[in-house]
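Asks: File name work_36.txt; file contents compact mmCIF, C-alpha atoms and all ligand atoms; full text below.
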```
# COMPACT_ATOMS: atom_id res chain seq x y z
CA MET A 1 49.09 -12.98 53.41
CA ASN A 2 52.17 -10.99 52.53
CA PRO A 3 50.53 -8.16 50.57
CA PHE A 4 53.77 -7.40 48.76
CA HIS A 5 53.81 -10.83 47.10
CA VAL A 6 50.29 -10.92 45.70
CA LYS A 7 48.33 -8.85 43.22
CA PRO A 8 45.71 -6.27 44.30
CA GLU A 9 42.88 -8.53 43.09
CA THR A 10 44.02 -11.10 45.66
CA VAL A 11 44.38 -8.47 48.40
CA ALA A 12 40.80 -7.36 47.75
CA ALA A 13 39.25 -10.84 47.39
CA GLN A 14 40.65 -11.99 50.74
CA ALA A 15 40.59 -8.57 52.44
CA LEU A 16 44.31 -9.12 53.13
CA GLY A 17 43.61 -12.64 54.37
CA TRP A 18 43.06 -11.56 57.97
CA ILE A 19 41.59 -14.25 60.27
CA ASP A 20 39.91 -13.37 63.57
CA GLU A 21 42.42 -14.60 66.14
CA LYS A 22 39.87 -15.52 68.83
CA THR A 23 37.35 -17.43 66.72
CA ARG A 24 39.31 -18.30 63.52
CA ALA A 25 36.48 -16.62 61.58
CA ILE A 26 37.34 -15.75 58.00
CA THR A 27 35.08 -12.72 57.94
CA PRO A 28 35.54 -10.32 60.84
CA PRO A 29 33.22 -9.98 63.83
CA LEU A 30 31.17 -6.80 64.14
CA HIS A 31 32.62 -4.56 66.86
CA LEU A 32 29.93 -2.35 68.36
CA SER A 33 31.47 -1.19 71.63
CA SER A 34 31.73 2.57 71.84
CA THR A 35 34.27 2.54 74.68
CA TYR A 36 37.29 0.51 75.89
CA LEU A 37 38.56 -0.62 79.29
CA ARG A 38 41.24 1.49 80.90
CA ASP A 39 44.11 -0.35 82.62
CA PRO A 40 44.17 -0.31 86.47
CA ASP A 41 47.20 1.99 86.42
CA ASN A 42 45.18 4.55 84.42
CA GLN A 43 46.78 3.76 81.04
CA TYR A 44 45.18 2.72 77.73
CA ARG A 45 47.73 0.12 76.60
CA SER A 46 45.31 -1.39 74.06
CA GLY A 47 45.63 1.86 72.13
CA ARG A 48 41.85 2.19 72.13
CA CYS A 49 39.84 4.60 74.21
CA TYR A 50 36.65 5.85 72.53
CA ILE A 51 34.93 5.08 69.24
CA ARG A 52 34.93 8.62 67.84
CA ALA A 53 38.74 8.49 67.67
CA ASP A 54 39.23 4.89 66.62
CA ASN A 55 37.45 1.57 66.17
CA PRO A 56 38.76 -1.98 65.61
CA ALA A 57 36.20 -2.22 62.79
CA PHE A 58 38.37 0.24 60.83
CA ASP A 59 41.63 -1.72 61.00
CA GLN A 60 41.02 -4.20 58.20
CA PRO A 61 39.21 -1.96 55.68
CA GLU A 62 41.78 0.82 56.22
CA ALA A 63 44.64 -1.65 55.70
CA VAL A 64 43.01 -2.99 52.51
CA VAL A 65 42.48 0.47 50.98
CA ALA A 66 46.01 1.59 51.97
CA GLN A 67 47.40 -1.50 50.27
CA LEU A 68 45.31 -1.10 47.10
CA GLU A 69 46.42 2.54 46.82
CA GLN A 70 50.05 1.72 47.74
CA GLY A 71 49.81 4.22 50.58
CA ARG A 72 51.30 4.45 54.05
CA ALA A 73 47.97 4.62 55.92
CA ALA A 74 44.25 5.14 55.41
CA LEU A 75 41.45 6.72 57.45
CA LEU A 76 37.76 5.89 57.13
CA PHE A 77 35.18 8.67 57.40
CA ALA A 78 31.41 8.90 57.75
CA SER A 79 31.01 9.91 54.09
CA GLY A 80 32.98 10.98 51.06
CA MET A 81 32.19 14.58 52.00
CA ALA A 82 33.52 14.04 55.55
CA ALA A 83 36.76 12.64 54.10
CA ALA A 84 37.22 15.43 51.55
CA THR A 85 36.36 18.28 53.90
CA ALA A 86 38.74 16.88 56.57
CA VAL A 87 41.64 17.62 54.21
CA PHE A 88 40.62 21.28 53.83
CA GLN A 89 39.82 21.64 57.54
CA ALA A 90 43.36 20.51 58.34
CA LEU A 91 44.71 23.60 56.55
CA ALA A 92 45.19 27.02 58.18
CA PRO A 93 43.27 30.27 57.62
CA GLY A 94 44.87 32.24 54.81
CA ASP A 95 46.04 29.15 52.93
CA HIS A 96 45.37 29.26 49.20
CA VAL A 97 43.91 26.15 47.55
CA LEU A 98 43.23 25.29 43.94
CA ALA A 99 40.23 23.14 43.01
CA PRO A 100 38.76 22.17 39.63
CA LYS A 101 36.00 24.11 37.89
CA VAL A 102 34.51 20.72 37.00
CA MET A 103 34.15 18.62 40.13
CA TYR A 104 31.63 16.93 42.42
CA TRP A 105 29.15 19.80 42.88
CA SER A 106 28.49 19.33 46.62
CA LEU A 107 32.18 19.63 47.46
CA ARG A 108 32.50 22.66 45.19
CA ASN A 109 29.54 24.27 47.02
CA TRP A 110 31.10 23.51 50.40
CA LEU A 111 34.41 25.02 49.28
CA MET A 112 32.77 28.22 48.05
CA ASN A 113 30.22 28.60 50.89
CA PHE A 114 31.98 27.21 53.99
CA ALA A 115 35.72 26.77 53.43
CA THR A 116 35.99 30.42 52.42
CA HIS A 117 34.24 31.41 55.68
CA TRP A 118 36.99 29.90 57.60
CA GLY A 119 39.62 31.80 55.79
CA LEU A 120 40.73 29.50 53.00
CA ALA A 121 41.36 31.30 49.72
CA VAL A 122 39.70 28.93 47.24
CA GLU A 123 40.34 29.35 43.53
CA LEU A 124 38.69 27.24 40.82
CA VAL A 125 40.84 26.46 37.76
CA ASP A 126 40.69 24.39 34.60
CA MET A 127 42.43 21.36 36.07
CA SER A 128 42.70 19.69 32.64
CA ASP A 129 45.21 22.38 31.62
CA PRO A 130 48.56 22.22 33.48
CA ALA A 131 49.43 25.73 32.22
CA ALA A 132 46.28 27.13 33.89
CA VAL A 133 47.19 25.35 37.14
CA GLN A 134 50.73 26.72 36.98
CA ALA A 135 49.44 30.25 36.35
CA ALA A 136 47.08 30.08 39.35
CA ILE A 137 49.73 28.93 41.84
CA ARG A 138 50.65 31.60 44.41
CA PRO A 139 54.17 30.69 45.52
CA GLY A 140 54.39 30.40 49.28
CA ARG A 141 50.60 30.68 49.74
CA THR A 142 49.21 27.74 47.75
CA LYS A 143 49.14 24.79 50.14
CA LEU A 144 46.86 22.32 48.38
CA VAL A 145 45.82 21.41 44.86
CA TRP A 146 42.64 19.30 44.74
CA VAL A 147 42.02 17.16 41.68
CA GLU A 148 39.12 14.95 40.62
CA THR A 149 39.76 12.67 37.64
CA PRO A 150 37.64 11.65 35.77
CA ALA A 151 35.57 14.60 37.05
CA ASN A 152 31.81 14.84 37.50
CA PRO A 153 29.77 15.28 35.35
CA LEU A 154 31.75 15.86 32.14
CA TRP A 155 34.44 13.22 32.93
CA THR A 156 37.22 15.73 32.43
CA ILE A 157 40.70 14.25 32.85
CA THR A 158 43.56 15.76 34.86
CA ASP A 159 47.17 14.72 34.34
CA ILE A 160 48.05 13.67 37.89
CA ALA A 161 51.82 13.44 37.37
CA ALA A 162 52.07 16.86 35.69
CA THR A 163 49.85 18.49 38.33
CA ALA A 164 51.82 16.87 41.16
CA ALA A 165 55.04 18.29 39.73
CA ILE A 166 53.52 21.80 39.60
CA ALA A 167 52.15 21.55 43.16
CA HIS A 168 55.37 20.17 44.61
CA ALA A 169 57.56 22.80 42.93
CA ALA A 170 55.48 25.39 44.79
CA GLY A 171 55.64 23.51 48.11
CA ALA A 172 51.94 22.50 47.89
CA ARG A 173 50.35 19.06 48.32
CA LEU A 174 48.28 17.28 45.71
CA ALA A 175 45.08 15.48 46.75
CA VAL A 176 43.11 13.39 44.24
CA ASP A 177 39.43 12.44 44.43
CA SER A 178 39.79 9.06 42.72
CA THR A 179 36.23 7.89 43.38
CA VAL A 180 35.42 7.35 39.69
CA ALA A 181 38.83 5.96 38.66
CA THR A 182 38.96 3.55 41.65
CA PRO A 183 42.20 1.78 42.63
CA VAL A 184 41.42 -0.69 39.83
CA PHE A 185 42.32 1.83 37.13
CA THR A 186 44.53 4.52 38.72
CA GLN A 187 47.13 4.75 41.49
CA PRO A 188 47.39 8.49 42.19
CA LEU A 189 50.09 8.10 44.87
CA ALA A 190 52.38 6.26 42.45
CA LEU A 191 51.83 9.14 40.00
CA GLY A 192 52.99 11.68 42.60
CA ALA A 193 49.88 12.61 44.61
CA ASP A 194 50.20 13.04 48.38
CA LEU A 195 46.63 12.10 49.32
CA VAL A 196 43.89 10.03 47.68
CA MET A 197 40.23 10.32 48.55
CA HIS A 198 37.34 7.98 47.74
CA ALA A 199 33.64 8.38 48.29
CA ALA A 200 33.52 4.74 49.44
CA THR A 201 29.75 5.04 49.14
CA LYS A 202 30.36 4.38 45.45
CA TYR A 203 32.58 1.65 43.94
CA LEU A 204 34.45 0.56 47.07
CA GLY A 205 31.18 -0.29 48.86
CA GLY A 206 29.62 -1.08 45.51
CA HIS A 207 26.05 -2.03 46.50
CA SER A 208 24.26 1.28 47.15
CA ASP A 209 23.76 0.32 50.79
CA LEU A 210 26.18 2.47 52.78
CA VAL A 211 27.69 5.94 53.00
CA ALA A 212 31.43 6.13 53.70
CA GLY A 213 34.61 7.95 52.76
CA VAL A 214 38.30 7.17 52.92
CA LEU A 215 41.58 9.04 52.66
CA VAL A 216 44.95 7.43 51.93
CA THR A 217 48.29 9.15 52.50
CA ARG A 218 51.73 8.69 51.07
CA ASP A 219 53.43 10.00 54.25
CA ASP A 220 52.55 9.77 57.91
CA ASP A 221 53.37 13.43 58.43
CA ALA A 222 52.03 16.42 60.40
CA LEU A 223 49.23 17.06 57.88
CA TRP A 224 48.07 13.45 58.17
CA GLN A 225 48.04 13.67 61.97
CA ARG A 226 45.99 16.85 61.74
CA ILE A 227 43.52 15.10 59.41
CA ARG A 228 43.27 12.27 61.96
CA SER A 229 42.49 14.88 64.66
CA VAL A 230 39.84 16.48 62.44
CA ARG A 231 38.09 13.10 62.21
CA ALA A 232 38.27 12.44 65.95
CA GLN A 233 37.29 15.96 67.03
CA LEU A 234 34.69 16.94 64.42
CA GLY A 235 33.22 13.46 64.63
CA GLY A 236 32.92 12.47 60.97
CA THR A 237 33.52 8.88 62.08
CA LEU A 238 32.20 5.85 60.20
CA GLY A 239 29.88 3.42 61.99
CA SER A 240 30.96 -0.15 62.76
CA PHE A 241 28.36 -1.81 60.52
CA GLU A 242 29.20 0.45 57.59
CA SER A 243 32.89 -0.46 58.03
CA TRP A 244 31.94 -4.13 57.93
CA LEU A 245 29.78 -3.67 54.82
CA LEU A 246 32.57 -1.73 53.13
CA LEU A 247 35.04 -4.53 53.73
CA ARG A 248 32.60 -7.02 52.28
CA GLY A 249 31.98 -4.85 49.23
CA MET A 250 35.67 -4.44 48.49
CA ARG A 251 36.15 -8.20 48.11
CA THR A 252 34.48 -8.01 44.68
CA LEU A 253 35.83 -4.57 43.72
CA TYR A 254 37.94 -5.70 40.77
CA LEU A 255 35.27 -7.94 39.24
CA ARG A 256 32.53 -5.33 39.54
CA VAL A 257 34.53 -2.35 38.35
CA ARG A 258 36.10 -4.11 35.37
CA GLN A 259 32.73 -5.46 34.24
CA ALA A 260 31.02 -2.07 34.63
CA ALA A 261 33.81 -0.22 32.82
CA ALA A 262 33.80 -2.69 29.91
CA SER A 263 30.03 -2.15 29.58
CA ALA A 264 30.50 1.65 29.81
CA GLN A 265 33.00 1.50 26.96
CA ARG A 266 30.53 -0.53 24.87
CA ILE A 267 27.66 1.84 25.65
CA ALA A 268 29.81 4.90 24.84
CA GLU A 269 30.87 3.42 21.50
CA HIS A 270 27.30 2.37 20.66
CA PHE A 271 25.82 5.83 21.21
CA ALA A 272 28.80 7.90 19.93
CA ALA A 273 27.30 8.29 16.45
CA HIS A 274 23.64 7.78 17.38
CA PRO A 275 21.13 9.98 15.51
CA ARG A 276 19.35 10.93 18.77
CA VAL A 277 22.53 11.70 20.72
CA GLU A 278 24.37 15.01 20.41
CA ALA A 279 27.54 13.78 22.12
CA VAL A 280 28.86 11.06 24.41
CA LEU A 281 31.23 12.24 27.14
CA TYR A 282 33.53 9.37 28.13
CA PRO A 283 37.34 9.37 28.43
CA GLY A 284 37.51 5.95 26.78
CA LEU A 285 36.45 7.40 23.43
CA PRO A 286 39.47 8.38 21.28
CA THR A 287 37.70 11.67 20.47
CA ALA A 288 37.45 12.71 24.16
CA PRO A 289 39.68 15.70 24.98
CA GLY A 290 41.37 13.87 27.86
CA HIS A 291 41.72 10.50 26.12
CA ALA A 292 45.49 10.59 25.62
CA VAL A 293 46.19 11.47 29.26
CA ALA A 294 43.59 8.98 30.48
CA ALA A 295 45.09 6.22 28.33
CA ARG A 296 48.46 6.92 29.99
CA GLN A 297 47.36 7.15 33.62
CA MET A 298 44.44 4.70 33.75
CA GLN A 299 45.29 1.01 33.35
CA GLY A 300 42.78 -1.43 31.92
CA GLY A 301 39.73 0.79 31.60
CA PHE A 302 38.31 4.30 31.75
CA GLY A 303 35.76 3.88 34.50
CA ALA A 304 32.04 3.20 34.41
CA MET A 305 30.70 6.78 34.37
CA LEU A 306 29.67 8.54 31.18
CA SER A 307 27.25 11.22 30.07
CA LEU A 308 24.96 11.46 27.04
CA ARG A 309 23.93 14.79 25.57
CA VAL A 310 20.50 14.13 24.11
CA LYS A 311 19.42 15.83 20.88
CA GLY A 312 16.42 18.05 21.52
CA GLY A 313 17.76 19.72 24.67
CA GLU A 314 16.60 19.58 28.26
CA ALA A 315 13.06 18.38 27.56
CA ALA A 316 14.29 15.46 25.44
CA ALA A 317 16.88 14.51 28.07
CA ILE A 318 14.33 14.51 30.89
CA ALA A 319 11.85 12.60 28.71
CA THR A 320 14.51 9.97 27.94
CA ALA A 321 15.14 9.48 31.66
CA ALA A 322 11.38 9.22 32.16
CA HIS A 323 11.12 6.32 29.72
CA VAL A 324 13.89 4.02 30.98
CA GLU A 325 12.65 0.73 32.35
CA LEU A 326 15.83 -1.10 33.37
CA TRP A 327 18.02 1.85 34.32
CA LYS A 328 16.97 3.47 37.59
CA ARG A 329 16.34 7.22 37.80
CA ALA A 330 18.42 8.00 40.90
CA THR A 331 21.40 9.95 42.10
CA SER A 332 24.74 8.41 43.19
CA LEU A 333 26.97 5.99 41.31
CA GLY A 334 29.14 2.92 41.65
CA GLY A 335 26.49 0.33 42.58
CA THR A 336 25.68 -2.93 40.82
CA GLU A 337 22.55 -1.39 39.26
CA SER A 338 22.76 1.20 36.47
CA LEU A 339 21.53 4.71 37.26
CA VAL A 340 20.52 7.66 35.11
CA GLU A 341 20.24 11.26 36.25
CA HIS A 342 19.50 14.64 34.69
CA ARG A 343 22.45 16.31 36.34
CA ALA A 344 21.62 20.00 35.71
CA SER A 345 18.37 19.57 37.70
CA VAL A 346 20.39 18.31 40.66
CA GLU A 347 23.23 20.82 40.55
CA GLY A 348 21.22 23.97 39.83
CA ALA A 349 22.82 27.36 39.20
CA GLY A 350 26.50 27.35 38.34
CA THR A 351 26.57 23.75 37.10
CA PRO A 352 28.93 22.94 34.24
CA ALA A 353 26.39 20.30 33.13
CA PRO A 354 24.60 21.36 29.93
CA PRO A 355 20.78 21.08 30.16
CA ASP A 356 20.69 18.20 27.64
CA LEU A 357 23.05 16.00 29.71
CA LEU A 358 22.10 12.66 31.28
CA ARG A 359 24.68 11.20 33.66
CA LEU A 360 24.96 7.41 33.49
CA SER A 361 26.40 5.18 36.19
CA VAL A 362 26.88 1.82 34.53
CA GLY A 363 26.34 -1.21 36.74
CA ILE A 364 27.10 -4.88 36.20
CA GLU A 365 23.99 -5.90 34.27
CA GLU A 366 24.35 -7.37 30.77
CA ALA A 367 25.51 -4.52 28.51
CA GLY A 368 23.14 -5.40 25.65
CA ASP A 369 20.16 -5.08 28.01
CA LEU A 370 21.35 -1.63 29.08
CA ILE A 371 21.82 -0.50 25.47
CA ALA A 372 18.40 -1.81 24.42
CA ASP A 373 16.70 0.04 27.28
CA LEU A 374 18.40 3.34 26.38
CA GLU A 375 17.51 2.81 22.71
CA GLN A 376 13.80 2.42 23.48
CA ALA A 377 13.84 5.36 25.92
CA LEU A 378 15.52 7.63 23.36
CA ALA A 379 13.00 6.55 20.71
CA ARG A 380 9.98 7.15 22.96
CA ALA A 381 11.30 10.50 24.15
CA GLN A 382 11.33 12.07 20.70
CA PRO A 383 8.44 14.44 19.94
C1 LIG A 401 33.36 12.10 42.93
C2 LIG A 401 32.68 12.22 44.24
N1 LIG A 401 33.36 12.69 45.29
C3 LIG A 401 32.78 12.81 46.51
C4 LIG A 401 31.45 12.48 46.72
C5 LIG A 401 30.84 12.65 48.07
O1 LIG A 401 30.63 11.37 48.66
P1 LIG A 401 29.48 11.09 49.73
O2 LIG A 401 28.16 11.18 49.02
O3 LIG A 401 29.81 9.72 50.25
O4 LIG A 401 29.61 12.13 50.80
C6 LIG A 401 30.70 12.01 45.64
C7 LIG A 401 29.27 11.68 45.82
O5 LIG A 401 28.51 11.56 44.87
C8 LIG A 401 31.32 11.88 44.38
O6 LIG A 401 30.63 11.43 43.30
```
Please express the file's structure as structure tokens.
Ligand SMILES: Cc1ncc(COP(=O)(O)O)c(C=O)c1O
Replies:
Amino acid sequence: MNPFHVKPETVAAQALGWIDEKTRAITPPLHLSSTYLRDPDNQYRSGRCYIRADNPAFDQPEAVVAQLEQGRAALLFASGMAAATAVFQALAPGDHVLAPKVMYWSLRNWLMNFATHWGLAVELVDMSDPAAVQAAIRPGRTKLVWVETPANPLWTITDIAATAAIAHAAGARLAVDSTVATPVFTQPLALGADLVMHAATKYLGGHSDLVAGVLVTRDDDALWQRIRSVRAQLGGTLGSFESWLLLRGMRTLYLRVRQAAASAQRIAEHFAAHPRVEAVLYPGLPTAPGHAVAARQMQGGFGAMLSLRVKGGEAAAIATAAHVELWKRATSLGGTESLVEHRASVEGAGTPAPPDLLRLSVGIEEAGDLIADLEQALARAQP
């Protein structure tokens, strides 16, 4: 397959059309060897030496993700956290980085509790406001701006192109956690980002059966080589079976994500004026603060994550989650099954999630079934 002549849906469905040369198998074999034969003259001409640095199981999924994101290269990691933290660990002590106030809480905790220990100056800003980003830039010292859009758990939107322009004018790179947007709806590199990150645990894998992360770069430059070294030396390397599962999951990426996002839009619209719902947070609603930017930078949908603020506060929200029958009370997102979570309980102190907020990860079930289940749970939760 010449990936430049076909659409991304085709790239994903056929995983670039690669055929195993030895067996003519259409799906790849599972490579489990942890080490590779050295040539008699002491060289490694195969390019492979040891599994912590590289693995043939990575070649196809990395090529698929790089193609879907229109990037130069991709690297798989043992988790989304391993991928994200590799970017920060490739920086130098004293470097200043900007990250959003609203972002995936575990990465924010790592930035504040670990990255700062190793000398990074981490500053949290309102990433939905380009003027605030501009004001926080320290010329000459800011080396990285980290963006998540739509951002957990309020689904705040960042203007990638505007933020890239601000970062680049200051000589900094822009990295985008595009886990929720997925390559189906947003191409951060085409909008000016330098790096894209996915928690592949979520939509790319898509079946709640693996943990994985991936980074994609626009340039094969010194920073990218340092990130590659971080993976090889710190050991945040994905397993062979997880790489295989990820490749399988990505074949249906476009079908799953489009279906889930269409249902999310329907659910958001259904509950927007509901008497038992205080507010629906979803960038696909015209009333959402980031809707105009999202409509410009997301093509074909606004993602499948939304949050409901339940009237009656924390107790009513937790009671609603207690009464769902079809939705599953569980953390994570991006699987085929719909999940509900009281996010403030998970994130604890410092969370931007209000206590009445339920985070919804919409799966690929029939949307009417999902709406009916939330309706009955909201009704039963009321005092
Ligand atoms: C937006 C986002 N980024 C990063 C991560 C971290 O990914 P992982 O759990 O694979 O480490 C998550 C996990 O929930 C996430 O939702």
Asks: Please write out the residues within 6 Å of ligand LIG 401 (chain A) as a PyMOL selection string, counting only C-alpha atoms and all ligand atoms.
Replies: chain A and resi 79-81+104+179+199+201+211-213+332
Asks: Hey, what's within 12 Å of A:Pro286 if we count only C-alpha atoms and toss same-chain stuff fewer than 5 positions away? As an NGL selection string, please?
Replies: :A and (265 or 268-269 or 272 or 280-281 or 291-295 or 302)
Asks: Can you pull out every residue within 9 Å of A:Pro289, counting all atoms listed in the file, but drop anything in the same chain fewer than 5 positions away, and send it as a VMD selection string?
Replies: chain A and resid 156 to 157 283
Asks: Grab the residues selected above and save them as a short mmCIF file (atom, residue, chain, number, x, y, z; two decimals), keeping the file's coordinate frame with C-alpha atoms.
Replies:
```cif
data_model
loop_
_atom_site.label_atom_id
_atom_site.label_comp_id
_atom_site.auth_asym_id
_atom_site.auth_seq_id
_atom_site.Cartn_x
_atom_site.Cartn_y
_atom_site.Cartn_z
CA THR A 156 37.22 15.73 32.43
CA ILE A 157 40.70 14.25 32.85
CA PRO A 283 37.34 9.37 28.43
#
```
Asks: Which of these residues is nearest to A:Gln14, using all atoms listed in the file: A:Thr252, A:Ser106, A:Ser178, A:Thr287?
Replies: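 Using all atoms listed in the file, A:Gln14 sits closest to A:Thr252.
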Asks: My list of candidates is A:Glu375, A:Asp54, A:Glu337, A:Glu242. Which is closest to A:Gly363 when distances are computed with only C-alpha atoms?
Replies: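 Of A:Glu375, A:Asp54, A:Glu337, A:Glu242, the one nearest A:Gly363 is A:Glu337, counting only C-alpha atoms.
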Asks: To one decimal place in Å, what is the distance between atom CA of A:Asp369 and atom CA of A:Ala260?
Replies: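 Atom CA of A:Ala260 lies at a distance of 13.1 Å from atom CA of A:Asp369.
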Asks: Rank nothing, just name the residue among A:Leu255, A:Ala82, A:Ala317, A:Ala165 nearest to A:Glu278, using all atoms listed in the file.
Replies: A:Ala317
